[in-house]
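Colleague: Contents are mmCIF, C-alpha atoms; file name query.cif:
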data_entry
loop_
_atom_site.label_atom_id
_atom_site.label_comp_id
_atom_site.auth_asym_id
_atom_site.auth_seq_id
_atom_site.Cartn_x
_atom_site.Cartn_y
_atom_site.Cartn_z
CA MET A 109 0.00 0.00 0.00
CA ILE A 110 1.38 3.39 -1.01
CA VAL A 111 0.86 6.09 1.63
CA ASP A 112 1.83 9.75 1.35
CA LEU A 113 3.06 10.80 4.80
CA ASN A 114 2.14 14.29 5.95
CA LEU A 115 5.42 15.71 7.29
CA GLN A 116 4.52 19.41 7.12
CA ASN A 117 6.06 21.36 10.02
CA LYS A 118 7.40 18.14 11.57
CA LEU A 119 10.99 17.27 12.44
CA VAL A 120 12.87 14.61 10.51
CA VAL A 121 16.31 13.58 11.76
CA VAL A 122 18.75 12.14 9.22
CA ILE A 123 21.70 10.25 10.69
CA GLY A 124 24.69 10.45 8.37
CA GLY A 125 25.79 13.09 5.89
CA GLY A 126 27.03 11.23 2.82
CA ASN A 127 25.64 10.33 -0.59
CA GLU A 128 22.82 8.21 0.80
CA ALA A 129 21.80 11.04 3.11
CA GLU A 130 21.71 13.38 0.08
CA LYS A 131 19.11 11.14 -1.61
CA ARG A 132 16.87 11.04 1.46
CA ILE A 133 17.19 14.79 2.07
CA SER A 134 16.29 15.53 -1.57
CA SER A 135 13.06 13.57 -1.20
CA LEU A 136 12.22 15.50 1.99
CA LEU A 137 12.89 19.05 0.78
CA LYS A 138 9.47 19.32 -0.89
CA GLN A 139 7.61 18.16 2.22
CA ASN A 140 7.78 21.49 4.12
CA CYS A 141 9.28 19.72 7.11
CA SER A 142 12.23 20.61 9.33
CA ILE A 143 15.30 18.49 8.48
CA LEU A 144 18.10 17.97 10.99
CA VAL A 145 21.23 16.13 9.84
CA ILE A 146 23.45 14.65 12.54
CA SER A 147 26.87 13.50 11.36
CA ASP A 148 30.56 14.05 12.09
CA SER A 149 31.25 14.48 8.36
CA THR A 150 29.11 15.78 5.50
CA SER A 151 29.24 15.85 1.71
CA THR A 152 29.65 19.05 -0.28
CA LYS A 153 25.96 19.03 -1.24
CA VAL A 154 24.80 18.58 2.37
CA ASN A 155 27.02 21.49 3.41
CA LYS A 156 25.53 23.66 0.65
CA LEU A 157 22.00 22.84 1.83
CA PHE A 158 23.00 23.82 5.36
CA LYS A 159 24.55 27.11 4.20
CA ALA A 160 21.41 27.82 2.18
CA LYS A 161 19.42 27.26 5.40
CA LYS A 162 17.37 24.47 3.84
CA ILE A 163 18.43 22.02 6.55
CA LYS A 164 19.85 22.14 10.06
CA LEU A 165 23.16 20.46 10.84
CA LYS A 166 24.64 19.12 14.05
CA LYS A 167 28.22 17.97 13.52
CA GLN A 168 28.90 15.14 15.90
CA LYS A 169 29.54 11.42 15.88
CA ILE A 170 26.55 9.38 16.99
CA GLN A 171 27.65 7.01 19.76
CA ASN A 172 24.33 6.53 21.56
CA ILE A 173 20.63 7.14 21.08
CA ARG A 174 20.23 10.11 23.45
CA PHE A 175 19.50 12.41 20.52
CA ILE A 176 16.07 10.75 20.17
CA SER A 177 14.95 12.00 23.59
CA GLU A 178 16.65 15.35 23.02
CA PHE A 179 15.00 16.22 19.70
CA LYS A 180 11.82 14.08 19.78
CA PRO A 181 11.58 13.79 15.98
CA HIS A 182 8.54 12.63 14.03
CA MET A 183 10.77 10.51 11.79
CA ILE A 184 14.32 9.14 11.87
CA ILE A 185 16.31 8.08 8.80
CA THR A 186 19.63 6.26 9.18
CA THR A 187 22.17 6.38 6.35
CA THR A 188 25.46 5.48 8.04
CA ASN A 189 27.80 2.64 7.03
CA ASP A 190 27.55 1.21 10.55
CA LYS A 191 24.82 -1.44 10.30
CA LYS A 192 24.85 -2.15 14.03
CA LEU A 193 24.35 1.52 14.83
CA ASN A 194 21.56 1.83 12.24
CA HIS A 195 19.85 -1.23 13.73
CA LYS A 196 20.15 0.15 17.25
CA ILE A 197 18.68 3.52 16.25
CA ILE A 198 15.80 1.98 14.29
CA ASN A 199 14.84 -0.31 17.19
CA ALA A 200 14.99 2.57 19.68
CA ALA A 201 12.84 4.74 17.41
CA LYS A 202 10.21 2.02 17.09
CA ARG A 203 10.03 1.61 20.85
CA LYS A 204 9.22 5.31 21.08
CA LYS A 205 6.61 5.05 18.29
CA ILE A 206 8.74 7.16 15.92
CA ILE A 207 8.56 6.43 12.18
CA ALA A 208 11.90 4.93 11.15
CA TYR A 209 13.72 4.19 7.91
CA SER A 210 17.05 2.45 7.46
CA SER A 211 18.78 2.88 4.09
CA ASP A 212 20.69 -0.38 4.48
CA ASN A 213 17.76 -2.46 5.73
CA PRO A 214 14.36 -1.72 4.14
CA GLU A 215 12.90 -4.82 5.83
CA GLU A 216 13.31 -3.18 9.24
CA SER A 217 11.91 0.14 8.05
CA ASP A 218 8.38 1.43 8.58
CA PHE A 219 8.09 2.53 4.94
CA SER A 220 9.75 2.17 1.54
CA ASN A 221 10.77 4.84 -0.94
CA PRO A 222 9.09 4.54 -4.35
CA ALA A 223 10.52 6.10 -7.51
CA ILE A 224 8.59 9.37 -7.91
CA ILE A 225 7.62 11.10 -11.15
CA ASP A 226 6.94 14.72 -10.26
CA PHE A 227 5.05 17.31 -12.27
CA ASP A 228 5.58 20.91 -11.12
CA ASN A 229 5.51 19.90 -7.42
CA THR A 230 1.78 19.32 -7.91
CA ILE A 231 1.27 15.79 -9.23
CA GLN A 232 3.38 12.91 -7.96
CA ILE A 233 3.15 9.43 -9.46
CA ALA A 234 4.86 6.60 -7.58
CA ILE A 235 6.46 3.57 -9.20
CA PHE A 236 6.73 0.95 -6.48
CA THR A 237 7.82 -2.68 -6.39
CA GLY A 238 7.10 -3.22 -2.69
CA GLY A 239 10.80 -2.93 -1.86
CA GLN A 240 11.63 -5.96 -4.01
CA SER A 241 13.68 -4.03 -6.58
CA PRO A 242 14.37 -0.28 -6.21
CA ALA A 243 16.51 -0.54 -9.37
CA MET A 244 13.52 -1.74 -11.40
CA SER A 245 11.35 1.01 -9.90
CA LYS A 246 13.81 3.58 -11.27
CA LYS A 247 13.98 1.83 -14.65
CA ILE A 248 10.19 1.74 -15.00
CA LYS A 249 10.03 5.38 -13.88
CA ALA A 250 12.37 6.37 -16.71
CA LYS A 251 10.26 4.43 -19.23
CA SER A 252 6.98 5.91 -17.96
CA GLU A 253 7.98 9.55 -17.51
CA GLU A 254 8.02 10.56 -21.18
CA ALA A 255 4.66 8.91 -21.88
CA LEU A 256 3.05 10.62 -18.89
CA LYS A 257 4.33 14.01 -20.03
CA GLU A 258 2.06 13.60 -23.07
CA LEU A 259 -0.95 12.85 -20.85
CA ILE A 260 -0.55 15.37 -18.03
CA THR A 261 -0.71 18.92 -19.35
CA LYS A 262 -0.02 22.39 -17.98
CA GLU A 263 -3.79 22.87 -18.03
CA ASP A 264 -4.18 19.95 -15.60
CA ILE A 265 -1.63 21.53 -13.27
CA ALA A 266 -3.43 24.89 -13.45
CA GLN A 267 -6.78 23.26 -12.72
CA ILE A 268 -5.36 21.58 -9.61
CA LYS A 269 -4.07 24.91 -8.32
CA ILE A 270 -7.45 26.54 -8.96
CA GLN A 271 -9.17 23.67 -7.16
CA LYS A 272 -6.90 24.22 -4.16
CA ILE A 273 -7.95 27.88 -3.97
CA ALA A 274 -11.59 26.96 -4.53
CA ARG A 275 -11.58 24.25 -1.84
CA LYS A 276 -10.22 26.69 0.74
CA PHE A 277 -12.86 29.29 -0.17
CA ALA A 278 -15.61 26.64 -0.23
CA LYS A 279 -14.77 25.45 3.29
CA GLU A 280 -15.21 29.00 4.54
CA SER A 281 -18.43 29.78 2.67
CA ILE A 282 -20.35 26.51 2.09
CA PRO A 283 -21.14 24.57 5.30
CA SER A 284 -22.47 21.40 3.67
CA HIS A 285 -19.87 18.84 2.52
CA THR A 286 -22.24 17.61 -0.21
CA GLN A 287 -22.80 21.13 -1.50
CA ARG A 288 -19.05 21.86 -1.48
CA ARG A 289 -18.38 18.73 -3.51
CA GLU A 290 -21.06 19.65 -6.07
CA CYS A 291 -19.74 23.18 -6.36
CA LEU A 292 -16.13 22.04 -6.87
CA ARG A 293 -17.33 19.55 -9.49
CA LYS A 294 -19.09 22.41 -11.30
CA ILE A 295 -15.86 24.43 -11.26
CA ILE A 296 -13.75 21.58 -12.63
CA ASN A 297 -16.26 21.04 -15.47
CA ASP A 298 -16.78 24.73 -16.27
CA ASN A 299 -16.04 25.36 -19.97
CA GLU A 300 -15.23 29.03 -19.42
CA ILE A 301 -12.59 28.19 -16.81
CA ASP A 302 -11.13 25.57 -19.16
CA GLN A 303 -10.85 28.12 -21.95
CA LEU A 304 -9.30 30.76 -19.70
CA ILE A 305 -6.68 28.24 -18.60
CA LYS A 306 -5.91 27.30 -22.22
CA ASP A 307 -5.52 30.99 -23.04
CA GLY A 308 -3.05 31.38 -20.16
CA GLN A 309 -5.39 33.66 -18.22
CA ILE A 310 -4.96 31.84 -14.91
CA LYS A 311 -5.90 34.79 -12.68
CA ASP A 312 -9.14 35.26 -14.61
CA ALA A 313 -9.84 31.53 -14.27
CA GLU A 314 -9.35 31.83 -10.50
CA LYS A 315 -11.73 34.81 -10.39
CA ARG A 316 -14.31 32.84 -12.37
CA ALA A 317 -14.04 29.97 -9.85
CA ILE A 318 -14.54 32.34 -6.90
CA THR A 319 -17.54 33.92 -8.64
CA ILE A 320 -19.15 30.48 -8.98
CA LEU A 321 -18.54 29.87 -5.28
CA ARG A 322 -19.96 33.21 -4.21
CA ASN A 323 -23.10 32.67 -6.27
CA TRP A 324 -23.57 29.09 -5.09
CA LYS A 325 -26.87 28.41 -3.31
#
Before we go any further, please render this structure as structure tokens.

Modeller:
Amino acid sequence: MIVDLNLQNKLVVVIGGGNEAEKRISSLLKQNCSILVISDSTSTKVNKLFKAKKIKLKKQKIQNIRFISEFKPHMIITTTNDKKLNHKIINAAKRKKIIAYSSDNPEESDFSNPAIIDFDNTIQIAIFTGGQSPAMSKKIKAKSEEALKELITKEDIAQIKIQKIARKFAKESIPSHTQRRECLRKIINDNEIDQLIKDGQIKDAEKRAITILRNWK
């Protein structure tokens, strides 16, 4: 089962600062979460992310699991070359009901990382083999990406963003869930909004959506 974890405004601790840590950090940067890297050495890219204030960094060698009680993270990711240490951290995290992921042992982890096809930070499509073959996930992703680019258009992306605005406005102005759903369906099927989007008049399309909401009875 593929689940999209909500990590917004939550703390994720990454143990290790090498190439494997880079991969995990890259997948977290779009999640609007706080990322703390703990490692005695870090790669050039990790250092750049720290200097750009995209992550926090604590330079120290992990010798025990006290950091778990100190920082109380929502998630812990281990990426070190020390399998015994990774195992110790993962087990300690699980005892404290903290979501845990070990780069060297997916079987012990609470989740797996699918290969993600991303469209404008708005649509994400996961290619997942259940942890059986990450290499095949990446290969299938590469084969699928070009085909999906033909199917998912800029208009689709724009419509999603308009729906986000409309949903927020609808929650504030339409008390009934059923009525909100019907109104949002009307917006997504509105020919005038579709045409405005095709013409690149996104602001006008947004205004049209709000007008429909305001006039909804």

Colleague: Within 6 Å of stretch 223-227 of chain A, counting all atoms listed in the file, which residues show up once you throw out same-chain ones fewer than 5 positions away? Write them as a list in words, please.

Modeller: Gln232, Ile233, Ala234, Ile235, Ser245 and Lys246 of chain A

Colleague: Between A:Lys162, A:Trp324, A:Leu136, A:Tyr209, which is the closest to A:Ser284 once you count all atoms listed in the file?

Modeller: A:Trp324

Colleague: Go through the shown structure with the PyMOL selection byres ((chain A and resi 149) around 10) and write out the matching residues as a VMD selection string.

Modeller: chain A and resid 124 to 126 146 to 148 150 to 152 154 to 155 166 to 169

Colleague: Once the PyMOL selection byres ((chain A and resi 274) around 12) has been applied to the shown file, what residues remain in the selection, as a ChimeraX atom specification?

Modeller: /A:267-273,275-282,288-289,291-296,313-322

Colleague: Which residues match the PyMOL selection byres ((chain A and resi 172-178) around 9) in the file above, as number ranges by chain?

Modeller: A: 121, 170-171, 179-181, 184, 193, 196-197, 200-201, 204

Colleague: Which residue out of A:Val122, A:Leu304, A:Thr237, A:Val111 has the minimum interatomic distance to A:Ile198 when all atoms listed in the file are used?

Modeller: A:Val122

Colleague: For A:Gln116, list every protein, DNA or RNA residue within 12 Å, evaluated using all atoms listed in the file, and leave out those in the same chain fewer than 3 positions away; present the list as a list of chain:residue names.

Modeller: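 The neighbour list is A:Asp112, A:Leu113, A:Leu119, A:Val120, A:Leu136, A:Leu137, A:Lys138, A:Gln139, A:Asn140, A:Cys141, A:Ser142, A:Ile143, A:His182, A:Met183.
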
Colleague: At what distance in Å, to one decimal, does atom CA of A:Glu216 lie from atom CA of A:Met244?

Modeller: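 Here the two named atoms are 20.7 Å from each other.
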
Colleague: Would you work out the distance separating atom CA of A:Val145 from atom CA of A:Glu215, expressed in Å to one decimal?

Modeller: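 It comes out at 22.9 Å.
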
Colleague: Go through A:Lys156, A:Lys118, A:Lys131, A:Lys192 and flag the residue nearest A:Leu144, using only C-alpha atoms for the distances.

Modeller: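 Between A:Lys156, A:Lys118, A:Lys131, A:Lys192, the residue approaching A:Leu144 most closely is A:Lys118.
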
Colleague: Expressed in Å to a single decimal, how great is the separation between atom CA of A:Lys306 and atom CA of A:Ile265?

Modeller: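 Atom CA of A:Lys306 sits 11.5 Å away from atom CA of A:Ile265.
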
Colleague: I'd like to know which of A:Glu263, A:Lys202, A:Thr286, A:Lys247 is closest to A:Gly308, using all atoms listed in the file.

Modeller: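 Going through A:Glu263, A:Lys202, A:Thr286, A:Lys247 one by one, the smallest distance to A:Gly308 is for A:Glu263.
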
Colleague: Let me make sure I understand: among A:Lys249, A:Ala266, A:Lys257, A:Asn194, which one has the smallest atom-to-atom distance to A:Thr230 if we use only C-alpha atoms?

Modeller: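 For A:Thr230, the nearest of the given residues is A:Ala266.
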
Colleague: Around (21.2, 4.0, 2.9) in the file's frame, which residues reach within 8 Å when counting all atoms listed in the file? Return as a list in words?

Modeller: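 Protein and nucleic acid residues near the point are Glu128, Ala129, Thr186, Thr187, Thr188, Asn189, Ser210, Ser211, Asp212 and Asn213 of chain A.
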
Colleague: Using the partial input, fill out stretch 133-144 of chain A with all heavy atoms; write the result as a PDB file, keeping the file's coordinate frame.

Modeller:
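selection-v7.pdb, freshly written:
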ATOM      1  N   ILE A 133      17.473  13.365   1.847  1.00  0.00           N
ATOM      2  CA  ILE A 133      17.190  14.790   2.070  1.00  0.00           C
ATOM      3  C   ILE A 133      16.469  15.379   0.858  1.00  0.00           C
ATOM      4  O   ILE A 133      15.499  16.132   1.001  1.00  0.00           O
ATOM      5  CB  ILE A 133      18.496  15.560   2.352  1.00  0.00           C
ATOM      6  CG1 ILE A 133      19.086  15.108   3.699  1.00  0.00           C
ATOM      7  CG2 ILE A 133      18.242  17.065   2.361  1.00  0.00           C
ATOM      8  CD1 ILE A 133      20.514  15.578   3.929  1.00  0.00           C
ATOM      9  N   SER A 134      16.914  15.012  -0.344  1.00  0.00           N
ATOM     10  CA  SER A 134      16.290  15.530  -1.570  1.00  0.00           C
ATOM     11  C   SER A 134      14.802  15.182  -1.625  1.00  0.00           C
ATOM     12  O   SER A 134      13.979  15.994  -2.055  1.00  0.00           O
ATOM     13  CB  SER A 134      16.987  14.953  -2.804  1.00  0.00           C
ATOM     14  OG  SER A 134      18.305  15.430  -2.888  1.00  0.00           O
ATOM     15  N   SER A 135      14.463  13.981  -1.173  1.00  0.00           N
ATOM     16  CA  SER A 135      13.060  13.570  -1.200  1.00  0.00           C
ATOM     17  C   SER A 135      12.238  14.271  -0.123  1.00  0.00           C
ATOM     18  O   SER A 135      11.014  14.335  -0.206  1.00  0.00           O
ATOM     19  CB  SER A 135      12.953  12.046  -1.018  1.00  0.00           C
ATOM     20  OG  SER A 135      13.372  11.651   0.272  1.00  0.00           O
ATOM     21  N   LEU A 136      12.914  14.826   0.888  1.00  0.00           N
ATOM     22  CA  LEU A 136      12.220  15.500   1.990  1.00  0.00           C
ATOM     23  C   LEU A 136      12.052  17.002   1.769  1.00  0.00           C
ATOM     24  O   LEU A 136      11.163  17.615   2.356  1.00  0.00           O
ATOM     25  CB  LEU A 136      13.003  15.291   3.297  1.00  0.00           C
ATOM     26  CG  LEU A 136      13.017  13.882   3.884  1.00  0.00           C
ATOM     27  CD1 LEU A 136      14.071  13.795   4.992  1.00  0.00           C
ATOM     28  CD2 LEU A 136      11.647  13.502   4.425  1.00  0.00           C
ATOM     29  N   LEU A 137      12.870  17.585   0.925  1.00  0.00           N
ATOM     30  CA  LEU A 137      12.890  19.050   0.780  1.00  0.00           C
ATOM     31  C   LEU A 137      11.553  19.623   0.333  1.00  0.00           C
ATOM     32  O   LEU A 137      11.229  20.764   0.652  1.00  0.00           O
ATOM     33  CB  LEU A 137      13.993  19.466  -0.190  1.00  0.00           C
ATOM     34  CG  LEU A 137      15.426  19.337   0.348  1.00  0.00           C
ATOM     35  CD1 LEU A 137      16.427  19.623  -0.759  1.00  0.00           C
ATOM     36  CD2 LEU A 137      15.649  20.271   1.530  1.00  0.00           C
ATOM     37  N   LYS A 138      10.755  18.828  -0.390  1.00  0.00           N
ATOM     38  CA  LYS A 138       9.470  19.320  -0.890  1.00  0.00           C
ATOM     39  C   LYS A 138       8.336  19.113   0.111  1.00  0.00           C
ATOM     40  O   LYS A 138       7.195  19.468  -0.163  1.00  0.00           O
ATOM     41  CB  LYS A 138       9.118  18.618  -2.197  1.00  0.00           C
ATOM     42  CG  LYS A 138      10.109  18.869  -3.321  1.00  0.00           C
ATOM     43  CD  LYS A 138       9.766  18.031  -4.538  1.00  0.00           C
ATOM     44  CE  LYS A 138      10.814  18.198  -5.634  1.00  0.00           C
ATOM     45  NZ  LYS A 138      10.524  17.326  -6.797  1.00  0.00           N
ATOM     46  N   GLN A 139       8.655  18.531   1.263  1.00  0.00           N
ATOM     47  CA  GLN A 139       7.610  18.160   2.220  1.00  0.00           C
ATOM     48  C   GLN A 139       7.306  19.251   3.254  1.00  0.00           C
ATOM     49  O   GLN A 139       6.486  19.047   4.142  1.00  0.00           O
ATOM     50  CB  GLN A 139       8.015  16.875   2.948  1.00  0.00           C
ATOM     51  CG  GLN A 139       8.202  15.678   2.049  1.00  0.00           C
ATOM     52  CD  GLN A 139       6.928  15.297   1.322  1.00  0.00           C
ATOM     53  OE1 GLN A 139       5.853  15.280   1.906  1.00  0.00           O
ATOM     54  NE2 GLN A 139       7.048  14.980   0.044  1.00  0.00           N
ATOM     55  N   ASN A 140       7.989  20.378   3.167  1.00  0.00           N
ATOM     56  CA  ASN A 140       7.780  21.490   4.120  1.00  0.00           C
ATOM     57  C   ASN A 140       7.984  21.043   5.570  1.00  0.00           C
ATOM     58  O   ASN A 140       7.254  21.450   6.472  1.00  0.00           O
ATOM     59  CB  ASN A 140       6.375  22.080   3.955  1.00  0.00           C
ATOM     60  CG  ASN A 140       6.191  22.735   2.605  1.00  0.00           C
ATOM     61  OD1 ASN A 140       7.091  23.396   2.112  1.00  0.00           O
ATOM     62  ND2 ASN A 140       5.035  22.537   1.998  1.00  0.00           N
ATOM     63  N   CYS A 141       8.966  20.176   5.760  1.00  0.00           N
ATOM     64  CA  CYS A 141       9.280  19.720   7.110  1.00  0.00           C
ATOM     65  C   CYS A 141      10.631  20.292   7.535  1.00  0.00           C
ATOM     66  O   CYS A 141      11.381  20.827   6.717  1.00  0.00           O
ATOM     67  CB  CYS A 141       9.323  18.191   7.175  1.00  0.00           C
ATOM     68  SG  CYS A 141      10.530  17.417   6.068  1.00  0.00           S
ATOM     69  N   SER A 142      10.931  20.184   8.811  1.00  0.00           N
ATOM     70  CA  SER A 142      12.230  20.610   9.330  1.00  0.00           C
ATOM     71  C   SER A 142      13.176  19.416   9.282  1.00  0.00           C
ATOM     72  O   SER A 142      12.847  18.342   9.790  1.00  0.00           O
ATOM     73  CB  SER A 142      12.070  21.105  10.774  1.00  0.00           C
ATOM     74  OG  SER A 142      13.320  21.481  11.308  1.00  0.00           O
ATOM     75  N   ILE A 143      14.341  19.589   8.661  1.00  0.00           N
ATOM     76  CA  ILE A 143      15.300  18.490   8.480  1.00  0.00           C
ATOM     77  C   ILE A 143      16.552  18.776   9.296  1.00  0.00           C
ATOM     78  O   ILE A 143      17.201  19.798   9.110  1.00  0.00           O
ATOM     79  CB  ILE A 143      15.676  18.319   7.007  1.00  0.00           C
ATOM     80  CG1 ILE A 143      14.420  18.120   6.151  1.00  0.00           C
ATOM     81  CG2 ILE A 143      16.638  17.143   6.826  1.00  0.00           C
ATOM     82  CD1 ILE A 143      14.675  18.241   4.654  1.00  0.00           C
ATOM     83  N   LEU A 144      16.878  17.858  10.194  1.00  0.00           N
ATOM     84  CA  LEU A 144      18.100  17.970  10.990  1.00  0.00           C
ATOM     85  C   LEU A 144      19.023  16.815  10.633  1.00  0.00           C
ATOM     86  O   LEU A 144      18.654  15.647  10.767  1.00  0.00           O
ATOM     87  CB  LEU A 144      17.770  17.919  12.490  1.00  0.00           C
ATOM     88  CG  LEU A 144      18.966  17.789  13.441  1.00  0.00           C
ATOM     89  CD1 LEU A 144      19.899  19.000  13.330  1.00  0.00           C
ATOM     90  CD2 LEU A 144      18.507  17.593  14.877  1.00  0.00           C
TER      91      LEU A 144
END
